[in-house]
$ cat model_29.txt   # compact mmCIF, C-alpha atoms
# COMPACT_ATOMS: atom_id res chain seq x y z
CA MET A 7 9.73 -20.57 -5.77
CA ARG A 8 10.89 -22.27 -2.57
CA GLU A 9 12.22 -19.03 -1.10
CA ILE A 10 8.95 -17.23 -1.92
CA ILE A 11 6.86 -19.84 -0.11
CA LEU A 12 9.20 -19.92 2.87
CA GLY A 13 9.31 -16.11 3.02
CA PHE A 14 5.51 -15.91 3.07
CA ILE A 15 5.23 -18.59 5.77
CA THR A 16 7.96 -17.00 7.90
CA SER A 17 6.51 -13.48 7.87
CA PHE A 18 2.99 -14.84 8.48
CA PHE A 19 3.93 -16.84 11.57
CA VAL A 20 6.25 -14.17 13.02
CA VAL A 21 3.34 -11.70 13.01
CA LEU A 22 0.78 -14.30 14.11
CA LEU A 23 2.85 -15.43 17.11
CA ALA A 24 4.31 -12.08 18.17
CA THR A 25 1.27 -9.80 17.93
CA PRO A 26 -0.53 -11.02 21.11
CA SER A 27 2.55 -10.14 23.16
CA LEU A 28 2.80 -6.77 21.43
CA ILE A 29 -0.84 -6.03 22.30
CA LYS A 30 -0.17 -6.90 25.94
CA VAL A 31 2.96 -4.72 26.13
CA ALA A 32 1.22 -1.80 24.40
CA LYS A 33 -1.61 -1.88 26.94
CA LEU A 34 0.77 -2.15 29.89
CA LYS A 35 2.83 0.83 28.67
CA HIS A 36 -0.31 2.73 27.59
CA LEU A 37 0.82 2.93 23.95
CA VAL A 38 -2.79 3.20 22.84
CA ASP A 39 -5.07 5.48 20.85
CA GLU A 40 -7.88 7.03 22.84
CA PRO A 41 -11.26 7.76 21.17
CA SER A 42 -10.79 11.49 21.76
CA GLU A 43 -11.87 12.81 18.33
CA GLU A 44 -15.32 12.69 16.77
CA ARG A 45 -13.98 11.22 13.50
CA LYS A 46 -12.52 8.18 15.33
CA HIS A 47 -14.76 5.13 15.25
CA HIS A 48 -13.50 3.11 18.21
CA THR A 49 -15.05 3.57 21.65
CA ALA A 50 -12.24 2.03 23.70
CA SER A 51 -8.47 2.53 23.77
CA LYS A 52 -6.59 0.42 21.21
CA PRO A 53 -2.87 -0.27 20.77
CA THR A 54 -1.52 1.69 17.80
CA ILE A 55 1.92 0.19 17.31
CA GLY A 56 1.05 -2.82 15.17
CA GLY A 57 3.35 -1.47 12.47
CA ILE A 58 6.30 -2.52 14.61
CA ILE A 59 5.65 -6.21 14.04
CA ILE A 60 4.78 -5.73 10.33
CA PHE A 61 8.07 -3.89 9.81
CA ALA A 62 10.15 -6.36 11.83
CA ALA A 63 8.62 -9.50 10.33
CA SER A 64 8.92 -8.24 6.74
CA LEU A 65 12.56 -7.18 6.96
CA PHE A 66 13.56 -10.23 9.00
CA SER A 67 11.94 -12.61 6.50
CA TYR A 68 13.37 -10.80 3.47
CA ALA A 69 16.90 -10.81 4.90
CA LEU A 70 16.55 -14.46 5.93
CA TRP A 71 15.32 -15.75 2.56
CA PHE A 72 16.97 -13.31 0.16
CA PRO A 73 18.68 -15.66 -2.34
CA TRP A 74 22.24 -14.37 -1.97
CA ASP A 75 23.76 -17.59 -3.33
CA ASN A 76 21.21 -18.40 -6.05
CA MET A 77 22.25 -16.55 -9.21
CA SER A 78 19.34 -18.06 -11.16
CA TYR A 79 17.11 -15.64 -9.24
CA PHE A 80 18.84 -12.66 -10.87
CA GLY A 81 19.74 -13.65 -14.40
CA SER A 82 23.14 -11.96 -14.45
CA PRO A 83 25.85 -10.63 -12.08
CA ASP A 84 24.82 -7.06 -12.95
CA GLN A 85 21.22 -7.71 -11.92
CA PHE A 86 22.46 -9.33 -8.70
CA LYS A 87 24.55 -6.24 -7.91
CA GLU A 88 21.59 -3.98 -8.69
CA SER A 89 19.29 -5.97 -6.38
CA VAL A 90 21.81 -5.87 -3.52
CA MET A 91 22.22 -2.09 -3.87
CA GLU A 92 18.46 -1.59 -3.91
CA PHE A 93 18.12 -3.83 -0.86
CA LYS A 94 20.74 -1.83 1.04
CA PHE A 95 19.16 1.55 0.42
CA PHE A 96 15.64 0.23 0.91
CA ILE A 97 16.61 -1.00 4.39
CA ALA A 98 18.05 2.43 5.25
CA ALA A 99 14.96 4.27 3.96
CA SER A 100 12.59 1.84 5.69
CA ILE A 101 14.26 2.30 9.07
CA LEU A 102 14.01 6.09 8.76
CA ILE A 103 10.34 6.15 7.75
CA PHE A 104 9.51 3.49 10.34
CA PHE A 105 10.91 5.50 13.24
CA ILE A 106 9.15 8.64 12.01
CA GLY A 107 5.94 6.61 12.10
CA VAL A 108 6.65 5.24 15.59
CA LYS A 109 7.30 8.72 16.92
CA ASP A 110 4.09 9.97 15.33
CA ASP A 111 2.13 7.10 16.89
CA ILE A 112 3.50 7.76 20.38
CA ILE A 113 4.00 11.53 20.75
CA GLY A 114 3.14 12.99 17.34
CA VAL A 115 5.25 14.64 14.63
CA ALA A 116 4.76 18.16 13.24
CA PRO A 117 3.43 18.06 9.64
CA VAL A 118 6.44 20.01 8.34
CA LYS A 119 8.90 17.59 9.92
CA LYS A 120 6.95 14.65 8.52
CA LEU A 121 7.01 16.17 5.03
CA VAL A 122 10.77 16.77 5.26
CA SER A 123 11.31 13.16 6.33
CA HIS A 124 9.21 11.97 3.38
CA ILE A 125 11.31 14.03 0.99
CA ILE A 126 14.54 12.63 2.46
CA VAL A 127 13.28 9.04 2.21
CA GLY A 128 12.04 9.73 -1.30
CA PHE A 129 15.45 10.98 -2.43
CA ILE A 130 17.21 7.98 -0.83
CA LEU A 131 14.99 5.58 -2.78
CA VAL A 132 15.02 7.58 -6.01
CA MET A 133 18.57 8.93 -6.25
CA MET A 134 20.63 6.47 -4.22
CA ALA A 135 18.73 3.22 -4.86
CA ASP A 136 17.80 4.48 -8.36
CA ILE A 137 14.22 3.29 -7.94
CA ARG A 138 12.54 5.81 -10.22
CA ILE A 139 10.25 6.32 -13.18
CA SER A 140 12.66 6.56 -16.10
CA GLY A 141 10.00 7.34 -18.67
CA PHE A 142 6.34 7.08 -19.62
CA HIS A 143 6.87 3.84 -21.60
CA GLY A 144 4.72 4.93 -24.52
CA LEU A 145 2.06 6.80 -22.54
CA PHE A 146 1.14 10.03 -24.35
CA GLY A 147 3.69 9.04 -27.01
CA VAL A 148 6.59 9.61 -24.59
CA GLU A 149 9.31 7.08 -23.82
CA GLU A 150 12.33 8.48 -21.93
CA ILE A 151 12.25 11.67 -19.85
CA PRO A 152 15.17 13.82 -18.57
CA TYR A 153 16.88 12.66 -15.38
CA TYR A 154 15.85 15.70 -13.33
CA ALA A 155 12.20 15.23 -14.40
CA SER A 156 12.46 11.54 -13.54
CA VAL A 157 13.73 12.32 -10.04
CA LEU A 158 11.11 14.98 -9.29
CA LEU A 159 8.26 12.87 -10.66
CA SER A 160 9.40 9.82 -8.71
CA VAL A 161 9.76 11.68 -5.38
CA PHE A 162 6.33 13.25 -5.91
CA THR A 163 4.90 9.77 -6.64
CA TYR A 164 6.49 8.44 -3.46
CA ILE A 165 4.87 11.16 -1.34
CA VAL A 166 1.47 10.57 -2.98
CA VAL A 167 1.55 6.77 -2.57
CA VAL A 168 2.74 6.85 1.05
CA ASN A 169 0.12 9.40 2.06
CA ALA A 170 -2.59 7.53 0.14
CA TYR A 171 -1.99 4.40 2.23
CA ASN A 172 -1.73 6.40 5.43
CA LEU A 173 -5.06 8.12 4.74
CA ILE A 174 -7.07 4.94 4.12
CA ASP A 175 -6.00 3.56 7.50
CA GLY A 176 -9.25 4.67 9.14
CA SER A 177 -11.34 1.50 9.43
CA ASP A 178 -10.73 -1.91 10.96
CA GLY A 179 -8.75 -4.10 8.58
CA LEU A 180 -8.92 -1.70 5.64
CA ALA A 181 -5.29 -0.61 5.13
CA ALA A 182 -3.97 -4.08 5.97
CA GLY A 183 -6.41 -5.79 3.62
CA VAL A 184 -5.80 -3.37 0.76
CA GLY A 185 -2.05 -3.74 1.29
CA LEU A 186 -2.41 -7.53 1.23
CA ILE A 187 -4.34 -7.45 -2.06
CA THR A 188 -1.88 -4.98 -3.59
CA SER A 189 1.17 -7.02 -2.60
CA VAL A 190 -0.36 -10.24 -4.01
CA PHE A 191 -1.10 -8.59 -7.37
CA PHE A 192 2.45 -7.21 -7.56
CA GLY A 193 3.88 -10.52 -6.37
CA VAL A 194 2.14 -12.40 -9.18
CA TRP A 195 3.33 -9.79 -11.72
CA PHE A 196 6.96 -10.13 -10.61
CA TYR A 197 6.78 -13.91 -10.55
CA GLN A 198 5.36 -13.97 -14.08
CA THR A 199 8.11 -11.61 -15.30
CA ALA A 200 10.90 -13.58 -13.58
CA GLN A 201 11.71 -10.76 -11.12
CA LEU A 202 11.91 -13.25 -8.28
CA PRO A 203 13.56 -11.10 -5.55
CA LEU A 204 10.70 -8.58 -5.96
CA SER A 205 8.13 -11.37 -5.94
CA LEU A 206 9.71 -12.61 -2.70
CA LEU A 207 9.42 -9.13 -1.17
CA SER A 208 5.79 -8.82 -2.28
CA PHE A 209 4.69 -12.15 -0.83
CA ILE A 210 6.61 -11.53 2.40
CA LEU A 211 4.59 -8.34 2.87
CA ALA A 212 1.44 -10.31 2.01
CA GLY A 213 2.30 -12.85 4.72
CA SER A 214 2.85 -10.14 7.34
CA LEU A 215 -0.42 -8.38 6.50
CA GLY A 216 -2.40 -11.61 6.25
CA ALA A 217 -1.44 -12.53 9.82
CA PHE A 218 -1.96 -8.96 11.05
CA LEU A 219 -5.53 -9.05 9.71
CA VAL A 220 -6.30 -11.80 12.24
CA PHE A 221 -5.97 -9.13 14.94
CA ASN A 222 -6.88 -6.03 12.91
CA PHE A 223 -10.10 -7.10 11.16
CA ASN A 224 -13.30 -5.95 12.83
CA PRO A 225 -13.46 -5.92 15.78
CA ALA A 226 -9.82 -4.81 15.78
CA ARG A 227 -7.62 -5.61 18.76
CA ILE A 228 -4.71 -3.51 17.46
CA PHE A 229 -4.11 -0.78 14.86
CA MET A 230 -1.06 -0.60 12.61
CA GLY A 231 -0.62 3.14 13.18
CA ASP A 232 1.61 5.39 11.10
CA SER A 233 4.58 3.07 11.67
CA GLY A 234 2.79 0.41 9.67
CA ALA A 235 0.95 2.56 7.13
CA LEU A 236 4.07 4.54 6.17
CA PHE A 237 6.18 1.39 5.83
CA ILE A 238 3.52 -0.31 3.68
CA GLY A 239 3.22 2.84 1.57
CA ALA A 240 6.99 3.06 1.04
CA LEU A 241 7.23 -0.63 0.13
CA THR A 242 4.23 -0.30 -2.22
CA PHE A 243 5.95 2.64 -3.94
CA VAL A 244 9.02 0.47 -4.57
CA LEU A 245 6.91 -2.37 -5.96
CA ALA A 246 4.87 -0.02 -8.16
CA ILE A 247 7.94 1.66 -9.66
CA LYS A 248 9.65 -1.67 -10.32
CA CYS A 249 6.43 -2.88 -11.96
CA ILE A 250 6.28 0.22 -14.18
CA GLU A 251 9.93 -0.27 -15.17
CA THR A 252 9.45 -3.90 -16.24
CA ARG A 253 10.93 -4.59 -19.67
CA LEU A 254 8.31 -5.49 -22.27
CA ASP A 255 10.41 -8.35 -23.64
CA VAL A 256 10.07 -10.34 -20.40
CA LEU A 257 6.27 -10.33 -20.35
CA PRO A 258 4.88 -13.88 -20.72
CA SER A 259 2.00 -14.64 -23.08
CA MET A 260 -0.47 -14.40 -20.19
CA ILE A 261 0.09 -10.64 -19.86
CA ALA A 262 1.79 -9.82 -23.17
CA GLY A 263 0.65 -6.47 -24.52
CA LEU A 264 -0.46 -5.19 -21.12
CA SER A 265 0.97 -1.77 -20.26
CA ALA A 266 2.92 -1.96 -17.00
CA PRO A 267 2.01 1.64 -15.97
CA VAL A 268 -1.67 0.86 -16.58
CA TYR A 269 -1.46 -2.30 -14.46
CA ALA A 270 0.33 -0.47 -11.63
CA MET A 271 -2.29 2.29 -11.68
CA ALA A 272 -5.10 -0.31 -11.59
CA VAL A 273 -3.54 -2.06 -8.58
CA LEU A 274 -3.29 1.26 -6.69
CA ALA A 275 -6.56 2.70 -8.02
CA TYR A 276 -8.61 2.76 -4.82
CA PRO A 277 -6.18 4.52 -2.44
CA LEU A 278 -4.97 6.95 -5.13
CA ILE A 279 -8.43 7.96 -6.40
CA ASP A 280 -9.89 8.24 -2.90
CA THR A 281 -6.99 10.49 -1.88
CA LEU A 282 -7.32 12.60 -5.03
CA ARG A 283 -11.06 12.94 -4.43
CA VAL A 284 -10.70 13.96 -0.77
CA PHE A 285 -7.85 16.40 -1.46
CA SER A 286 -9.91 18.06 -4.21
CA ILE A 287 -12.91 18.47 -1.88
CA ARG A 288 -10.79 19.94 0.92
CA ILE A 289 -8.98 22.38 -1.37
CA SER A 290 -12.28 23.48 -2.97
CA HIS A 291 -13.54 24.33 0.53
CA GLY A 292 -10.43 26.36 1.31
CA MET A 293 -9.03 23.73 3.69
CA SER A 294 -5.62 22.13 3.92
CA PRO A 295 -5.54 18.90 1.86
CA PHE A 296 -4.18 17.18 4.99
CA ALA A 297 -6.92 18.46 7.35
CA PRO A 298 -8.63 15.48 9.02
CA ASP A 299 -12.32 14.90 8.24
CA ARG A 300 -14.79 12.14 7.39
CA LYS A 301 -14.84 12.51 3.60
CA HIS A 302 -13.05 9.27 2.70
CA VAL A 303 -15.04 6.47 1.08
CA HIS A 304 -14.74 4.26 4.17
CA HIS A 305 -16.03 7.06 6.42
CA ILE A 306 -19.05 7.64 4.16
CA LEU A 307 -19.95 3.93 4.09
CA ILE A 308 -19.68 3.70 7.88
CA ASP A 309 -21.78 6.86 8.31
CA LYS A 310 -24.41 5.24 6.05
CA GLY A 311 -24.73 2.38 8.51
CA TYR A 312 -22.41 -0.22 7.01
CA SER A 313 -20.31 -2.10 9.55
CA HIS A 314 -16.53 -1.94 9.51
CA ALA A 315 -16.41 -5.51 8.24
CA GLN A 316 -18.88 -4.77 5.43
CA THR A 317 -16.99 -1.59 4.51
CA ALA A 318 -13.69 -3.45 4.33
CA LEU A 319 -15.14 -6.29 2.23
CA ILE A 320 -16.76 -3.85 -0.23
CA LEU A 321 -13.45 -2.05 -0.74
CA TYR A 322 -11.50 -5.32 -0.93
CA PHE A 323 -13.79 -6.36 -3.79
CA LEU A 324 -13.10 -3.05 -5.51
CA CYS A 325 -9.32 -3.50 -5.15
CA ILE A 326 -9.49 -6.99 -6.65
CA THR A 327 -11.84 -6.11 -9.51
CA VAL A 328 -10.03 -3.10 -10.98
CA PRO A 329 -6.67 -4.88 -11.69
CA LEU A 330 -8.55 -7.82 -13.20
CA ILE A 331 -10.39 -5.45 -15.53
CA SER A 332 -7.04 -4.03 -16.67
CA MET A 333 -6.25 -7.45 -18.17
CA PHE A 334 -8.84 -6.78 -20.87
CA PHE A 335 -6.76 -3.85 -22.13
CA ARG A 336 -3.89 -5.96 -23.46
CA SER A 337 -2.62 -5.07 -26.94
CA ILE A 338 -4.49 -1.74 -26.84
CA ASP A 339 -2.68 1.58 -27.20
CA SER A 340 -1.20 2.40 -23.80
CA THR A 341 -2.55 5.97 -23.71
CA ILE A 342 -6.08 4.78 -24.52
CA SER A 343 -5.72 2.02 -21.92
CA PHE A 344 -4.50 4.47 -19.29
CA PHE A 345 -7.37 6.93 -19.72
CA SER A 346 -9.92 4.12 -20.01
CA MET A 347 -8.73 2.47 -16.81
CA PHE A 348 -8.60 5.80 -14.99
CA VAL A 349 -12.22 6.54 -15.94
CA ILE A 350 -13.33 3.01 -14.99
CA SER A 351 -11.46 3.19 -11.67
CA PHE A 352 -12.82 6.67 -10.91
CA LEU A 353 -16.40 5.59 -11.63
CA MET A 354 -16.08 2.37 -9.61
CA VAL A 355 -14.63 4.11 -6.56
CA ASN A 356 -17.24 6.86 -6.66
CA SER A 357 -20.08 4.41 -7.35
CA VAL A 358 -19.55 3.10 -3.82
CA LEU A 359 -20.71 6.50 -2.56
CA LEU A 360 -24.11 5.83 -4.15
CA PHE A 361 -24.77 2.78 -1.99
CA PRO A 362 -28.08 3.21 -0.12
CA SER A 363 -28.06 4.17 3.53
CA ARG A 364 -28.69 1.28 5.91
CA LYS A 365 -29.46 3.45 8.94
CA LYS A 366 -33.22 3.52 8.35
CA HIS A 367 -33.23 -0.24 7.80
CA LEU A 368 -31.22 -0.81 10.96
CA ASN A 369 -33.46 1.47 13.00
CA LEU A 370 -36.59 -0.34 11.76
CA ALA A 371 -35.03 -3.71 12.62
CA ARG A 372 -34.16 -2.54 16.13
CA SER A 373 -37.63 -1.09 16.74
CA ALA A 374 -39.18 -4.40 15.61
CA GLU A 375 -37.16 -6.20 18.25
$ encode --input "model_29.txt" --output "structure tokens"
Amino acid sequence: MREIILGFITSFFVVLLATPSLIKVAKLKHLVDEPSEERKHHTASKPTIGGIIIFAASLFSYALWFPWDNMSYFGSPDQFKESVMEFKFFIAASILIFFIGVKDDIIGVAPVKKLVSHIIVGFILVMMADIRISGFHGLFGVEEIPYYASVLLSVFTYIVVVNAYNLIDGSDGLAAGVGLITSVFFGVWFYQTAQLPLSLLSFILAGSLGAFLVFNFNPARIFMGDSGALFIGALTFVLAIKCIETRLDVLPSMIAGLSAPVYAMAVLAYPLIDTLRVFSIRISHGMSPFAPDRKHVHHILIDKGYSHAQTALILYFLCITVPLISMFFRSIDSTISFFSMFVISFLMVNSVLLFPSRKKHLNLARSAE
């Protein structure tokens, strides 16, 4: 527990103290995003390299407080060896995806090259670190799946999760806040299931994002950019897969009977369902699923007159509520739980689109002044 608290505090204060200098350097070197496209909401240039400090603070804190000499954190020498191997390959994959993100933030990266880099990173995490979905754990009556199917499914999941986080990074404080909520839910899960190194990693990310929100919440002084969104997405993929692969015999009474895949899906419900929804709309209109537009939930709320702060808080509430609802599906058949939670999540995300427009109200208030 001590390492987890110290890891959170370290990452929080590294980001809190270093970000003002990063903002100053970014402005001096003109590493900023100009409001050159209609879909962009900001009216002044903003630094876009906030991901640099999130990446640096998270890896620095994890390396500093990783309990190399505390075997009680791991349970057995084999688990210690497995954690060290995962750590090694995760560092390698993170550095690769981070620099792809930095390049994209500064000069741009062709979509094909970005996809190839995602596939490479995915295979490093899945095949070399062996962070993969080994089976459906009772979903649809399926336990284990063949290795080749496991690899392909896991790489596909990596690409989906990373792009989902990248695509919700379109409003002040949204991606950072959602990432903070996600990492806290995973951190609590890993702490409750005695997977302490993963709990440490989760809360270190939470510390980094909590401090970054000080500068990124509306009105934002800095954006995380692709360097941050891709790193958060990759780390979230690792946490989600490790959550799914949790052994049932280590679940405490508090969450006994809860399906790990259902919980992981509930934690990631908002970014995944919003991405699925937008991709479906684009494809149905004959567009590329990656074509930029203003169809995301956060865009629609902003276009209806909600402020960036209100939009972020509405979606934060959604991200907190869905995982809590999943707790009511303990000791229920995992397949029924999965479909029930998917339907609930889908309806909750799309219900936000039914919020009334505030533009008329705002216009009346301004005219009264």
$ axis_aligned_box --input "model_29.txt" --around "segment 290-293 of chain A" --padding-each-side "6 Å" --output "JSON"
{"center_x": -11.3, "center_y": 24.9, "center_z": 0.4, "size_x": 16.5, "size_y": 14.9, "size_z": 18.7}
$ residues_around --input "model_29.txt" --residues "segment 309-324 of chain A" --least-positions-apart "5" --cutoff "7 Å" --atoms "all atoms listed in the file" --output "list in words"
Ser177, Asp178, Gly179, Leu180, Gly183, Val184, Asn224, His304, Ser363, Arg364 and Lys365 of chain A
$ residues_near_point --input "model_29.txt" --point "(8.2, -12.5, -7.2)" --cutoff "9 Å" --atoms "all atoms listed in the file" --output "list in words"
Met7, Ile10, Phe192, Gly193, Val194, Trp195, Phe196, Tyr197, Gln198, Thr199, Ala200, Gln201, Leu202, Pro203, Leu204, Ser205, Leu206, Leu207, Ser208 and Phe209 of chain A
$ atom_distance --input "model_29.txt" --atom1 "atom CA of Gly147 of chain A" --atom2 "atom CA of Ile165 of chain A"
25.8 Å
$ residues_around --input "model_29.txt" --residues "Ser140 of chain A" --least-positions-apart "4" --cutoff "7 Å" --atoms "all atoms listed in the file" --output "list in words"
Glu150, Ile151 and Ser156 of chain A
$ residues_near_point --input "model_29.txt" --point "(6.0, 8.2, 13.4)" --cutoff "12 Å" --atoms "all atoms listed in the file" --output "VMD selection string"
chain A and resid 54 to 55 57 to 58 100 to 117 119 to 121 123 to 124 172 230 to 237
$ closest_residue --input "model_29.txt" --among "A:Ser189, A:Asn356, A:Ser343, A:Ser332" --to "Thr281 of chain A" --atoms "all atoms listed in the file"
A:Asn356
$ residues_around --input "model_29.txt" --residues "segment 252-266 of chain A" --least-positions-apart "2" --cutoff "9 Å" --atoms "only C-alpha atoms" --output "list in words"
His143, Gly144, Leu145, Trp195, Phe196, Gln198, Thr199, Ala200, Gln201, Ile247, Lys248, Cys249, Ile250, Val268, Tyr269, Ala270, Met271, Ser332, Met333, Phe334, Phe335, Arg336, Ser337, Ile338, Asp339, Ser340, Ser343 and Phe344 of chain A
$ decode --input "model_29.txt" --residues "segment 122-205 of chain A" --atoms "C-alpha atoms" --output "PDB file, in the first residue's frame"
ATOM      1  CA  VAL A 122       1.325  -0.050 -38.926  1.00  0.00           C
ATOM      2  CA  SER A 123       2.839   1.350 -35.729  1.00  0.00           C
ATOM      3  CA  HIS A 124      -0.284   0.352 -33.795  1.00  0.00           C
ATOM      4  CA  ILE A 125      -0.041  -3.190 -35.141  1.00  0.00           C
ATOM      5  CA  ILE A 126       3.645  -3.408 -34.178  1.00  0.00           C
ATOM      6  CA  VAL A 127       2.958  -2.122 -30.657  1.00  0.00           C
ATOM      7  CA  GLY A 128      -0.012  -4.467 -30.383  1.00  0.00           C
ATOM      8  CA  PHE A 129       2.106  -7.493 -31.280  1.00  0.00           C
ATOM      9  CA  ILE A 130       4.843  -6.457 -28.808  1.00  0.00           C
ATOM     10  CA  LEU A 131       2.304  -6.311 -25.982  1.00  0.00           C
ATOM     11  CA  VAL A 132       0.369  -9.406 -27.046  1.00  0.00           C
ATOM     12  CA  MET A 133       3.049 -11.812 -28.276  1.00  0.00           C
ATOM     13  CA  MET A 134       6.182 -10.710 -26.434  1.00  0.00           C
ATOM     14  CA  ALA A 135       4.711  -9.474 -23.144  1.00  0.00           C
ATOM     15  CA  ASP A 136       1.937 -12.105 -23.424  1.00  0.00           C
ATOM     16  CA  ILE A 137      -0.699  -9.578 -22.396  1.00  0.00           C
ATOM     17  CA  ARG A 138      -3.655 -11.090 -24.225  1.00  0.00           C
ATOM     18  CA  ILE A 139      -7.192 -12.391 -23.936  1.00  0.00           C
ATOM     19  CA  SER A 140      -6.700 -16.111 -23.381  1.00  0.00           C
ATOM     20  CA  GLY A 141     -10.393 -16.949 -23.454  1.00  0.00           C
ATOM     21  CA  PHE A 142     -13.933 -15.700 -22.957  1.00  0.00           C
ATOM     22  CA  HIS A 143     -14.055 -16.854 -19.309  1.00  0.00           C
ATOM     23  CA  GLY A 144     -17.530 -18.324 -19.584  1.00  0.00           C
ATOM     24  CA  LEU A 145     -19.014 -15.708 -21.920  1.00  0.00           C
ATOM     25  CA  PHE A 146     -21.182 -17.420 -24.552  1.00  0.00           C
ATOM     26  CA  GLY A 147     -20.270 -20.721 -22.888  1.00  0.00           C
ATOM     27  CA  VAL A 148     -16.645 -20.440 -24.069  1.00  0.00           C
ATOM     28  CA  GLU A 149     -13.598 -20.706 -21.833  1.00  0.00           C
ATOM     29  CA  GLU A 150     -10.267 -21.106 -23.672  1.00  0.00           C
ATOM     30  CA  ILE A 151      -9.708 -20.091 -27.303  1.00  0.00           C
ATOM     31  CA  PRO A 152      -6.885 -21.111 -29.709  1.00  0.00           C
ATOM     32  CA  TYR A 153      -3.630 -19.169 -29.440  1.00  0.00           C
ATOM     33  CA  TYR A 154      -3.868 -17.635 -32.920  1.00  0.00           C
ATOM     34  CA  ALA A 155      -7.435 -16.447 -32.189  1.00  0.00           C
ATOM     35  CA  SER A 156      -6.250 -15.051 -28.860  1.00  0.00           C
ATOM     36  CA  VAL A 157      -3.469 -13.062 -30.545  1.00  0.00           C
ATOM     37  CA  LEU A 158      -5.674 -11.651 -33.315  1.00  0.00           C
ATOM     38  CA  LEU A 159      -8.492 -10.753 -30.926  1.00  0.00           C
ATOM     39  CA  SER A 160      -6.089  -9.091 -28.503  1.00  0.00           C
ATOM     40  CA  VAL A 161      -4.323  -7.002 -31.180  1.00  0.00           C
ATOM     41  CA  PHE A 162      -7.708  -5.944 -32.558  1.00  0.00           C
ATOM     42  CA  THR A 163      -8.806  -4.983 -29.020  1.00  0.00           C
ATOM     43  CA  TYR A 164      -5.627  -2.944 -28.580  1.00  0.00           C
ATOM     44  CA  ILE A 165      -6.283  -0.970 -31.770  1.00  0.00           C
ATOM     45  CA  VAL A 166      -9.915  -0.343 -30.775  1.00  0.00           C
ATOM     46  CA  VAL A 167      -9.102   0.805 -27.220  1.00  0.00           C
ATOM     47  CA  VAL A 168      -6.232   3.090 -28.264  1.00  0.00           C
ATOM     48  CA  ASN A 169      -8.281   4.743 -30.998  1.00  0.00           C
ATOM     49  CA  ALA A 170     -11.295   5.061 -28.686  1.00  0.00           C
ATOM     50  CA  TYR A 171      -9.263   7.138 -26.229  1.00  0.00           C
ATOM     51  CA  ASN A 172      -7.672   9.147 -29.010  1.00  0.00           C
ATOM     52  CA  LEU A 173     -11.082   9.988 -30.496  1.00  0.00           C
ATOM     53  CA  ILE A 174     -12.653  11.284 -27.263  1.00  0.00           C
ATOM     54  CA  ASP A 175      -9.802  13.771 -26.839  1.00  0.00           C
ATOM     55  CA  GLY A 176     -11.856  16.593 -28.346  1.00  0.00           C
ATOM     56  CA  SER A 177     -13.021  18.668 -25.378  1.00  0.00           C
ATOM     57  CA  ASP A 178     -11.229  20.353 -22.495  1.00  0.00           C
ATOM     58  CA  GLY A 179     -10.489  17.854 -19.751  1.00  0.00           C
ATOM     59  CA  LEU A 180     -12.487  15.009 -21.281  1.00  0.00           C
ATOM     60  CA  ALA A 181      -9.849  12.403 -22.182  1.00  0.00           C
ATOM     61  CA  ALA A 182      -7.798  13.166 -19.058  1.00  0.00           C
ATOM     62  CA  GLY A 183     -10.835  12.954 -16.787  1.00  0.00           C
ATOM     63  CA  VAL A 184     -12.142   9.752 -18.356  1.00  0.00           C
ATOM     64  CA  GLY A 185      -8.655   8.253 -18.131  1.00  0.00           C
ATOM     65  CA  LEU A 186      -8.456   9.251 -14.461  1.00  0.00           C
ATOM     66  CA  ILE A 187     -11.800   7.596 -13.669  1.00  0.00           C
ATOM     67  CA  THR A 188     -10.866   4.479 -15.638  1.00  0.00           C
ATOM     68  CA  SER A 189      -7.492   4.102 -13.919  1.00  0.00           C
ATOM     69  CA  VAL A 190      -9.054   4.511 -10.448  1.00  0.00           C
ATOM     70  CA  PHE A 191     -11.661   1.799 -11.148  1.00  0.00           C
ATOM     71  CA  PHE A 192      -8.954  -0.565 -12.419  1.00  0.00           C
ATOM     72  CA  GLY A 193      -6.667   0.381  -9.537  1.00  0.00           C
ATOM     73  CA  VAL A 194      -9.321  -0.544  -6.980  1.00  0.00           C
ATOM     74  CA  TRP A 195     -10.001  -3.832  -8.813  1.00  0.00           C
ATOM     75  CA  PHE A 196      -6.318  -4.804  -8.779  1.00  0.00           C
ATOM     76  CA  TYR A 197      -5.906  -3.804  -5.148  1.00  0.00           C
ATOM     77  CA  GLN A 198      -8.924  -5.892  -4.151  1.00  0.00           C
ATOM     78  CA  THR A 199      -7.572  -8.901  -6.096  1.00  0.00           C
ATOM     79  CA  ALA A 200      -4.043  -8.551  -4.647  1.00  0.00           C
ATOM     80  CA  GLN A 201      -2.485  -7.629  -8.019  1.00  0.00           C
ATOM     81  CA  LEU A 202      -0.497  -4.866  -6.372  1.00  0.00           C
ATOM     82  CA  PRO A 203       2.003  -4.019  -9.171  1.00  0.00           C
ATOM     83  CA  LEU A 204      -0.968  -3.385 -11.504  1.00  0.00           C
ATOM     84  CA  SER A 205      -2.736  -1.359  -8.821  1.00  0.00           C
TER      85      SER A 205
END
